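As provided, target.cif (mmCIF, C-alpha atoms) reads as follows.
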data_query
loop_
_atom_site.label_atom_id
_atom_site.label_comp_id
_atom_site.auth_asym_id
_atom_site.auth_seq_id
_atom_site.Cartn_x
_atom_site.Cartn_y
_atom_site.Cartn_z
CA MET S 62 150.17 58.74 160.68
CA ASN S 63 149.52 60.98 157.68
CA VAL S 64 146.28 61.45 155.71
CA SER S 65 147.14 58.76 153.14
CA ASP S 66 147.79 56.31 155.99
CA ASN S 67 144.34 57.08 157.45
CA GLU S 68 142.71 56.53 154.08
CA GLY S 69 144.57 53.25 153.71
CA ALA S 70 143.39 52.12 157.15
CA ARG S 71 139.78 52.87 156.22
CA LYS S 72 140.09 50.94 152.99
CA ARG S 73 141.42 47.93 154.86
CA ARG S 74 138.54 47.80 157.32
CA ILE S 75 136.64 44.54 157.69
CA ILE S 76 133.06 44.96 158.88
CA LEU S 77 130.46 42.32 159.68
CA HIS S 78 126.73 42.94 159.82
CA ILE S 79 124.81 40.30 161.74
CA ASP S 80 121.05 40.08 161.25
CA MET S 81 119.07 37.61 163.33
CA ASN S 82 116.59 36.00 160.93
CA ALA S 83 112.86 36.37 161.76
CA PHE S 84 114.12 37.07 165.26
CA TYR S 85 110.92 37.10 167.31
CA CYS S 86 109.55 33.95 165.70
CA SER S 87 112.96 32.25 165.87
CA VAL S 88 113.19 32.98 169.60
CA HIS S 89 109.83 31.30 170.24
CA ALA S 90 110.94 28.32 168.14
CA ALA S 91 114.15 28.10 170.19
CA GLU S 92 112.20 28.24 173.46
CA GLU S 93 109.47 25.77 172.46
CA PRO S 94 110.68 23.80 169.43
CA ASP S 95 107.95 21.17 169.78
CA VAL S 96 105.30 23.87 169.40
CA TYR S 97 106.79 26.28 166.89
CA LYS S 98 109.90 24.96 165.11
CA GLY S 99 109.45 24.38 161.37
CA LYS S 100 105.87 25.67 161.42
CA PRO S 101 104.27 28.81 159.95
CA THR S 102 104.19 31.29 162.84
CA ALA S 103 103.71 35.03 163.23
CA VAL S 104 104.03 37.46 166.13
CA ALA S 105 101.17 39.93 166.57
CA GLY S 106 99.11 41.47 169.29
CA SER S 107 101.08 44.48 170.58
CA VAL S 108 98.87 47.44 171.39
CA GLU S 109 101.05 49.46 168.97
CA LEU S 110 99.90 47.25 166.12
CA ARG S 111 96.35 48.23 165.29
CA LYS S 112 93.85 45.76 163.93
CA GLY S 113 96.10 42.80 164.70
CA ILE S 114 98.94 43.66 162.34
CA LEU S 115 101.74 41.10 162.09
CA VAL S 116 105.09 42.22 163.49
CA THR S 117 107.03 39.43 161.82
CA SER S 118 106.57 35.90 160.52
CA SER S 119 108.66 32.76 160.25
CA TYR S 120 110.24 31.77 156.96
CA GLU S 121 107.79 28.86 156.74
CA ALA S 122 104.96 31.41 156.88
CA ARG S 123 106.65 33.69 154.36
CA ALA S 124 106.87 30.79 151.91
CA LEU S 125 103.06 30.69 152.08
CA GLY S 126 102.71 34.39 151.29
CA ILE S 127 102.54 35.79 154.83
CA ARG S 128 104.17 39.20 155.14
CA THR S 129 104.92 41.71 157.89
CA GLY S 130 102.22 44.39 157.98
CA MET S 131 99.34 42.09 157.08
CA THR S 132 96.37 42.09 159.40
CA VAL S 133 95.72 38.90 161.32
CA ARG S 134 92.51 38.44 159.35
CA GLN S 135 94.30 38.67 156.00
CA ALA S 136 97.01 36.27 157.15
CA LEU S 137 94.56 33.64 158.42
CA ILE S 138 92.60 33.73 155.16
CA LEU S 139 95.83 33.11 153.28
CA CYS S 140 97.18 30.57 155.75
CA PRO S 141 94.53 29.07 158.09
CA GLU S 142 97.19 26.95 159.85
CA LEU S 143 99.23 30.03 160.83
CA ILE S 144 100.18 29.96 164.52
CA LEU S 145 99.82 33.39 166.12
CA ILE S 146 102.08 34.32 169.03
CA SER S 147 101.79 37.23 171.45
CA PRO S 148 105.02 39.22 171.78
CA ASN S 149 107.30 38.63 174.75
CA PHE S 150 109.94 41.35 174.85
CA ASP S 151 111.51 40.05 178.06
CA LEU S 152 112.33 36.90 176.12
CA TYR S 153 113.60 38.80 173.08
CA ARG S 154 115.88 40.92 175.27
CA LYS S 155 117.29 37.76 176.87
CA TYR S 156 118.24 36.28 173.49
CA SER S 157 119.55 39.64 172.26
CA ARG S 158 121.96 39.76 175.19
CA GLY S 159 122.93 36.19 174.34
CA PHE S 160 123.98 36.81 170.75
CA LEU S 161 125.71 40.09 171.61
CA LYS S 162 127.70 38.27 174.28
CA ILE S 163 128.85 35.78 171.65
CA VAL S 164 129.94 38.38 169.09
CA GLY S 165 131.67 40.40 171.80
CA ASN S 166 134.19 37.58 172.15
CA TYR S 167 135.71 38.48 168.76
CA THR S 168 136.00 42.28 168.98
CA PRO S 169 135.20 45.07 171.44
CA LEU S 170 133.93 47.13 168.48
CA VAL S 171 130.29 46.01 168.46
CA GLU S 172 127.53 48.44 167.52
CA ALA S 173 124.06 47.22 168.44
CA VAL S 174 121.74 48.75 165.85
CA SER S 175 118.62 47.20 167.33
CA ILE S 176 117.52 44.24 169.40
CA ASP S 177 118.25 41.82 166.53
CA GLU S 178 121.14 43.25 164.51
CA CYS S 179 124.63 44.63 165.01
CA PHE S 180 127.82 45.72 163.26
CA LEU S 181 131.27 44.39 164.15
CA ASP S 182 134.62 45.86 163.20
CA ILE S 183 136.94 42.82 163.05
CA THR S 184 139.84 44.63 161.38
CA GLY S 185 142.04 43.81 164.37
CA SER S 186 140.66 40.32 165.05
CA SER S 187 142.90 38.23 162.79
CA GLN S 188 143.96 36.08 165.76
CA PHE S 189 140.54 34.42 165.47
CA GLY S 190 141.01 33.53 161.80
CA THR S 191 140.07 34.99 158.45
CA PRO S 192 136.92 37.14 158.14
CA ILE S 193 134.95 34.23 156.70
CA GLN S 194 136.20 31.93 159.48
CA ILE S 195 135.13 34.44 162.14
CA ALA S 196 131.71 34.81 160.53
CA GLU S 197 131.29 31.05 160.29
CA THR S 198 132.29 30.60 163.95
CA ILE S 199 129.83 33.26 165.11
CA ALA S 200 126.99 31.78 163.03
CA TRP S 201 127.79 28.28 164.36
CA ARG S 202 127.87 29.44 167.99
CA VAL S 203 124.63 31.41 167.67
CA LYS S 204 122.92 28.31 166.27
CA GLU S 205 124.57 25.89 168.71
CA GLU S 206 124.14 27.96 171.89
CA LEU S 207 120.91 29.82 171.15
CA SER S 208 119.25 27.70 168.43
CA LEU S 209 118.86 30.83 166.29
CA PRO S 210 119.63 31.39 162.59
CA CYS S 211 121.42 34.53 161.43
CA SER S 212 122.67 36.10 158.21
CA ILE S 213 126.09 37.76 158.14
CA GLY S 214 127.43 40.26 155.64
CA ILE S 215 131.18 40.81 155.23
CA ALA S 216 132.38 44.03 153.58
CA PRO S 217 134.87 46.89 153.83
CA ASN S 218 132.27 49.24 155.38
CA LYS S 219 128.98 49.26 157.27
CA LEU S 220 126.83 50.14 154.27
CA LEU S 221 128.01 47.22 152.16
CA ALA S 222 128.02 44.82 155.12
CA LYS S 223 124.35 45.61 155.70
CA MET S 224 123.57 45.21 151.99
CA ALA S 225 125.44 41.90 151.97
CA SER S 226 123.54 40.41 154.92
CA ASP S 227 120.26 41.29 153.18
CA MET S 228 121.24 39.51 149.97
CA ARG S 229 120.77 35.97 151.24
CA LYS S 230 118.46 34.89 154.04
CA PRO S 231 118.06 32.95 156.19
CA ASP S 232 121.19 31.44 157.67
CA ALA S 233 123.77 32.64 155.12
CA ILE S 234 127.13 34.40 154.93
CA THR S 235 127.72 36.82 152.06
CA ILE S 236 130.82 38.77 151.05
CA LEU S 237 130.37 42.07 149.18
CA ARG S 238 133.43 43.87 147.85
CA LYS S 239 133.36 47.47 146.67
CA ARG S 240 134.44 46.48 143.17
CA GLU S 241 131.33 44.27 142.95
CA VAL S 242 128.92 47.15 143.59
CA PRO S 243 128.31 48.03 139.90
CA LYS S 244 127.54 44.44 138.97
CA LEU S 245 125.47 43.48 142.02
CA LEU S 246 123.76 46.70 143.12
CA TRP S 247 123.53 49.26 140.34
CA GLY S 248 120.59 47.59 138.64
CA LYS S 249 118.46 47.63 141.82
CA PRO S 250 115.89 50.32 142.73
CA CYS S 251 117.17 53.21 144.83
CA GLN S 252 115.01 52.19 147.77
CA THR S 253 116.99 48.98 148.19
CA LEU S 254 120.06 51.04 149.16
CA TYR S 255 120.47 51.03 152.94
CA GLY S 256 119.51 54.48 154.24
CA ILE S 257 117.07 55.44 151.47
CA GLY S 258 113.38 55.23 152.28
CA SER S 259 110.32 55.23 150.07
CA ARG S 260 109.76 59.00 150.26
CA THR S 261 113.33 59.75 149.21
CA ALA S 262 113.04 57.18 146.42
CA ASP S 263 109.90 58.97 145.19
CA LYS S 264 111.76 62.30 145.15
CA LEU S 265 114.64 60.71 143.25
CA LEU S 266 112.14 59.31 140.76
CA ARG S 267 111.02 62.87 140.01
CA LEU S 268 114.64 63.55 139.03
CA ASN S 269 114.49 60.50 136.71
CA ILE S 270 116.78 58.57 139.04
CA ARG S 271 115.35 55.07 139.33
CA THR S 272 118.27 52.76 140.08
CA ILE S 273 121.30 52.77 142.35
CA GLY S 274 123.48 52.97 139.23
CA GLU S 275 121.69 56.10 138.04
CA LEU S 276 122.12 57.58 141.51
CA ALA S 277 125.83 56.75 141.41
CA ALA S 278 126.16 58.63 138.12
CA ALA S 279 123.93 61.58 139.08
CA ASP S 280 125.19 65.16 139.22
CA GLU S 281 126.25 65.75 142.81
CA LYS S 282 125.38 69.46 142.63
CA VAL S 283 121.79 68.61 141.67
CA LEU S 284 121.53 66.13 144.53
CA ILE S 285 122.89 68.65 147.04
CA GLU S 286 120.50 71.34 145.78
CA ARG S 287 117.57 68.96 146.28
CA PHE S 288 118.62 67.06 149.41
CA GLY S 289 121.46 69.01 151.05
CA VAL S 290 124.37 67.04 152.52
CA TYR S 291 122.18 63.93 152.39
CA GLY S 292 122.34 64.16 148.59
CA ALA S 293 126.14 63.99 148.65
CA TRP S 294 125.96 61.00 151.01
CA MET S 295 123.54 59.17 148.68
CA LYS S 296 125.90 59.52 145.72
CA ARG S 297 128.83 58.17 147.76
CA ALA S 298 126.69 55.33 149.09
CA ALA S 299 125.53 54.39 145.59
CA ASN S 300 129.20 54.03 144.69
CA GLY S 301 129.78 51.78 147.70
CA SER S 302 131.61 54.33 149.86
CA ASP S 303 130.95 54.68 153.58
CA ASP S 304 133.39 55.97 156.21
CA ALA S 305 131.03 55.65 159.20
CA PRO S 306 132.81 53.95 162.11
CA VAL S 307 131.42 51.08 164.15
CA GLU S 308 130.37 52.80 167.36
CA PRO S 309 130.05 50.63 170.48
CA LEU S 310 127.06 51.42 172.67
CA GLN S 311 127.96 53.98 175.30
CA GLU S 312 126.57 53.77 178.80
CA ALA S 313 124.98 57.22 178.66
CA PRO S 314 122.19 57.70 176.08
CA LYS S 315 121.82 60.96 174.18
CA SER S 316 118.02 60.86 174.34
CA ILE S 317 115.27 58.71 175.81
CA GLY S 318 112.03 58.32 173.90
CA HIS S 319 108.90 56.24 173.68
CA THR S 320 106.17 56.27 171.01
CA THR S 321 102.95 54.34 170.75
CA THR S 322 100.66 53.73 167.79
CA LEU S 323 97.14 53.86 169.16
CA PRO S 324 94.65 51.02 168.64
CA ALA S 325 92.02 53.60 167.65
CA ASP S 326 92.31 57.23 166.57
CA LEU S 327 91.87 59.62 169.49
CA ILE S 328 90.15 62.98 169.14
CA ASP S 329 89.33 63.92 172.74
CA ARG S 330 91.85 65.92 174.80
CA ASP S 331 91.33 63.81 177.93
CA GLN S 332 92.01 60.63 175.94
CA TYR S 333 95.31 61.67 174.47
CA ARG S 334 96.40 63.35 177.71
CA ARG S 335 96.03 59.97 179.39
CA VAL S 336 98.39 58.50 176.80
CA LEU S 337 100.84 61.36 177.36
CA LEU S 338 100.72 60.68 181.11
CA ASN S 339 101.75 57.06 180.61
CA LEU S 340 104.43 58.05 178.09
CA ALA S 341 105.82 60.65 180.52
CA ASP S 342 105.83 58.03 183.25
CA GLN S 343 107.80 55.48 181.25
CA THR S 344 110.33 57.91 179.76
CA THR S 345 111.12 59.48 183.15
CA ARG S 346 111.37 56.01 184.71
CA ARG S 347 114.05 55.16 182.14
CA LEU S 348 115.67 58.57 182.71
CA ARG S 349 115.97 57.96 186.46
CA HIS S 350 117.34 54.45 185.89
CA GLN S 351 120.17 56.12 183.95
CA ARG S 352 120.60 58.61 186.83
CA MET S 353 120.11 61.47 184.41
CA VAL S 354 118.01 64.61 184.03
CA CYS S 355 116.68 66.22 180.85
CA SER S 356 116.51 69.83 179.75
CA THR S 357 114.27 69.43 176.66
CA VAL S 358 110.95 67.64 176.13
CA GLN S 359 109.81 66.76 172.61
CA ILE S 360 106.46 65.35 171.56
CA THR S 361 105.70 63.54 168.30
CA ILE S 362 102.19 63.44 166.83
CA ARG S 363 101.02 61.49 163.78
CA ASP S 364 97.59 61.56 162.18
CA PRO S 365 95.79 58.73 160.29
CA ASP S 366 97.28 59.98 156.99
CA MET S 367 100.78 59.42 158.43
CA ARG S 368 101.54 63.15 158.62
CA THR S 369 103.95 63.60 161.51
CA ILE S 370 105.00 66.67 163.49
CA SER S 371 107.51 67.04 166.33
CA ARG S 372 107.56 69.98 168.73
CA SER S 373 109.85 70.62 171.69
CA SER S 374 110.32 72.90 174.66
CA THR S 375 113.45 73.60 176.72
CA LEU S 376 113.19 73.80 180.49
CA SER S 377 114.77 76.51 182.61
CA ILE S 378 115.72 73.84 185.18
CA PRO S 379 116.56 70.23 184.15
CA THR S 380 114.17 67.60 185.53
CA GLU S 381 113.66 63.89 186.09
CA ALA S 382 110.06 64.20 187.26
CA ASN S 383 107.07 62.65 185.52
CA GLU S 384 104.82 65.60 186.38
CA ASP S 385 107.17 68.14 184.78
CA VAL S 386 107.46 66.18 181.53
CA TYR S 387 103.71 65.53 181.45
CA ARG S 388 102.88 69.20 182.00
CA ILE S 389 105.17 70.32 179.16
CA ALA S 390 103.91 67.57 176.82
CA CYS S 391 100.31 68.65 177.41
CA ARG S 392 101.20 72.30 176.80
CA LEU S 393 102.94 71.43 173.53
CA MET S 394 99.97 69.30 172.48
CA ASP S 395 97.51 72.12 173.21
CA MET S 396 99.66 74.64 171.32
CA HIS S 397 100.24 72.56 168.20
CA TRP S 398 97.25 70.21 167.85
CA LYS S 399 93.61 71.18 167.54
CA GLU S 400 91.28 69.11 169.67
CA GLY S 401 89.02 67.06 167.41
CA ASN S 402 91.76 66.26 164.90
CA PRO S 403 92.40 62.50 165.04
CA VAL S 404 95.67 61.24 166.55
CA ARG S 405 97.14 57.91 165.42
CA LEU S 406 100.53 57.99 167.19
CA LEU S 407 101.97 59.85 170.16
CA GLY S 408 105.50 59.98 171.47
CA ILE S 409 107.61 61.73 174.07
CA THR S 410 111.39 62.09 173.77
CA LEU S 411 113.61 63.51 176.51
CA GLN S 412 116.66 65.35 175.18
CA GLY S 413 119.56 67.40 176.51
CA LEU S 414 120.44 64.62 178.94
CA THR S 415 123.09 65.09 181.61
CA GLN S 416 124.19 63.06 184.59
CA LYS S 417 122.16 64.17 187.59
CA LYS S 418 125.14 64.29 189.95
CA GLU S 419 127.00 66.58 187.54
CA THR S 420 124.07 68.95 186.88
CA PRO S 421 123.59 72.00 189.11
CA LEU S 422 119.88 72.26 189.90
CA GLN S 423 118.83 75.72 191.02
CA LEU S 424 115.94 75.73 193.47
CA ASP S 425 113.72 78.74 193.95
CA LEU S 426 112.26 80.03 197.22
CA PHE S 427 109.04 78.08 196.74
CA SER S 428 110.50 74.69 195.75
CA TYR S 429 113.66 74.18 197.77
CA GLU S 430 111.74 72.50 200.64
CA GLU S 431 109.23 70.65 198.47
CA ASN S 432 111.61 69.14 195.88
CA PRO S 433 113.55 66.81 198.23
CA LYS S 434 110.24 65.36 199.44
CA LYS S 435 109.11 64.74 195.85
CA GLU S 436 112.46 63.15 195.03
CA ARG S 437 112.24 60.76 197.99
CA LEU S 438 108.70 59.81 196.94
CA MET S 439 109.80 59.17 193.33
CA ASN S 440 112.70 57.01 194.52
CA ALA S 441 110.44 55.00 196.81
CA MET S 442 107.93 54.43 194.01
CA ASP S 443 110.71 53.39 191.60
CA ILE S 444 112.04 50.85 194.10
CA LEU S 445 108.59 49.34 194.61
CA ARG S 446 107.88 49.18 190.87
CA ASP S 447 111.31 47.66 190.14
CA LYS S 448 110.59 44.94 192.68
CA TYR S 449 106.88 44.27 192.22
CA GLY S 450 106.13 45.44 188.67
CA GLU S 451 105.12 48.61 186.87
CA ASP S 452 101.57 48.56 188.24
CA ALA S 453 102.61 48.20 191.90
CA VAL S 454 102.29 51.93 192.63
CA LEU S 455 100.46 54.31 190.31
CA THR S 456 99.09 57.82 190.42
CA ALA S 457 95.32 58.18 190.17
CA GLY S 458 95.51 59.40 186.57
CA MET S 459 97.29 56.22 185.50
CA LEU S 460 94.68 53.83 186.85
CA GLY S 461 92.30 52.11 184.45
CA ASP S 462 92.20 49.43 181.79
CA ASP S 463 92.29 51.43 178.55
CA PRO S 464 94.97 50.48 175.98
CA SER S 465 97.33 53.29 176.99
CA THR S 466 98.03 51.52 180.29
CA LEU S 467 99.69 48.68 178.37
CA ILE S 468 102.57 51.05 177.64
CA ARG S 469 103.84 49.97 181.05
CA ASN S 470 103.81 46.26 180.20
CA LYS S 471 107.44 45.53 179.31
CA LYS S 472 106.71 41.92 178.41
CA LEU S 473 104.04 42.64 175.81
CA ARG S 474 105.37 46.04 174.83
CA GLY S 475 108.64 46.95 173.27
CA THR S 476 110.49 48.10 170.21
CA SER S 477 113.41 46.67 168.33
CA LEU S 478 115.22 50.01 168.64
CA GLN S 479 115.18 50.48 172.41
CA LYS S 480 118.58 49.68 173.87
CA ASP S 481 118.25 50.50 177.58
CA PHE S 482 118.56 46.82 178.48
CA LEU S 483 121.92 46.70 176.67
CA ARG S 484 123.17 49.69 178.67
CA GLU S 485 122.19 47.88 181.86
CA LYS S 486 124.24 44.91 180.64
CA LEU S 487 127.16 47.22 179.82
CA ALA S 488 127.12 48.70 183.31
CA THR S 489 127.01 45.20 184.84
CA ASP S 490 129.90 44.00 182.66
CA GLU S 491 132.01 47.02 183.62
CA ASN S 492 131.39 46.35 187.31
CA ASP S 493 132.69 42.81 186.83
CA TYR S 494 136.23 43.97 186.02
#

For this file, produce the structure as structure tokens.
Amino acid sequence: MNVSDNEGARKRRIILHIDMNAFYCSVHAAEEPDVYKGKPTAVAGSVELRKGILVTSSYEARALGIRTGMTVRQALILCPELILISPNFDLYRKYSRGFLKIVGNYTPLVEAVSIDECFLDITGSSQFGTPIQIAETIAWRVKEELSLPCSIGIAPNKLLAKMASDMRKPDAITILRKREVPKLLWGKPCQTLYGIGSRTADKLLRLNIRTIGELAAADEKVLIERFGVYGAWMKRAANGSDDAPVEPLQEAPKSIGHTTTLPADLIDRDQYRRVLLNLADQTTRRLRHQRMVCSTVQITIRDPDMRTISRSSTLSIPTEANEDVYRIACRLMDMHWKEGNPVRLLGITLQGLTQKKETPLQLDLFSYEENPKKERLMNAMDILRDKYGEDAVLTAGMLGDDPSTLIRNKKLRGTSLQKDFLREKLATDENDY
């Protein structure tokens, strides 16, 4: 196949973007329709969400002015009948697996973007019907089998498919063709373009670029000078071009991270070290579940003014141990953050991941006898915690009832971007063949 054939294949792609509408609230309505269906509801209460901030709300609540990011107090003043629900991430993961199982019947090319949205490449799925017929079948099955609404965008690339699914909600199917971009998108603010955030939009505004149309017509050299390769991407995106492939989730992750927004700003070293201990515990737990080791530890720190820094350190010997990650995280924190400065968010990300069985681990004279004992202890603790819960066996430093301990609660705690549970499903599915 020559270059022109490749370009032709890209132009003929058919991509779906599926967005589960008000997912968390919709899941609770599906589970307990008598309690929640058709009523103004909102999910709040995660320890990450300070001062009772709403994670999401139902469309009935949105019609009354309720919005994500409001505090519980603000929402109840606006809508006294609002039903507040504590998050249940075990339940959300169950329904996420359910809708991904449905869409997987129509193509193996499924890219899970988060717990409640995915891309599908259905270019080779014509045996199931036309693109609109496939989208209608998926939407019908998701509603029939899971009692959930979803919006689906149909387009020749991922960018436009995402834009299309956002155009009409809830429970709608929208087609967006590249030739329709000038008419439908160019008059909108730059920030409405998928991939452009508020900070970038502010920088574009300083260049007198306010709309997607103005971005499409902007001088590419100026954009590259100001934003680098991202500037060139923005111009292509504003013109409706996107060559990014749909990438199915691979079994092995490239990094494992966990962040937590703190319920109150921390200024004391012992306080934020306790949070780092629990973050190190959970990231290394996930690392060992993947049977991997890491060679780099990165911490993320954010202050109350939303200023964020990330700092990392590379290990001489890859590790899977909580104590190693915790020690490095504390050292990075001490080096790059002055005690007394308030901390709003903390995170640990493990990078440079490799399969443990394929990674040569050099042991020195002082550790070659001790390490196997530590490994057996870690494995025994993991088995007990897998069976009896995260709090079944803890180190002394992890005991207590302060908010950082809730990092271990997988039912109340979670993020829409974590996809470990999908990798577990992938491994199970592969073992079935």

Point-to-point distance in Å for atom CA of S:Arg74 and atom CA of S:Pro217: 5.1 Å

Given 6 Å on each side, where is the centre and what are the edge lengths in Å to one decimal of the axis-aligned box enclosing the listed atoms of stretch 78-94 of chain S, as JSON?
{"center_x": 118.1, "center_y": 33.4, "center_z": 166.6, "size_x": 29.3, "size_y": 31.1, "size_z": 25.6}

Gap from atom CA of S:Ser147 to atom CA of S:Gly130 - Å, one decimal: 15.3 Å

Spatial neighbours of S:Asn300, max dist 9 Å, all atoms listed in the file, sep filter under 5 positions, as a PyMOL selection string: chain S and resi 239+242-243+247+273-274+276-278+295

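Interatomic distance, atom CA of S:Ile328 to atom CA of S:Met367: 15.5 Å.
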
Residue IDs satisfying the PyMOL selection byres ((chain S and resi 184-198) around 8), as a PyMOL selection string: chain S and resi 73-77+167-168+182-183+199-202+213+215+234
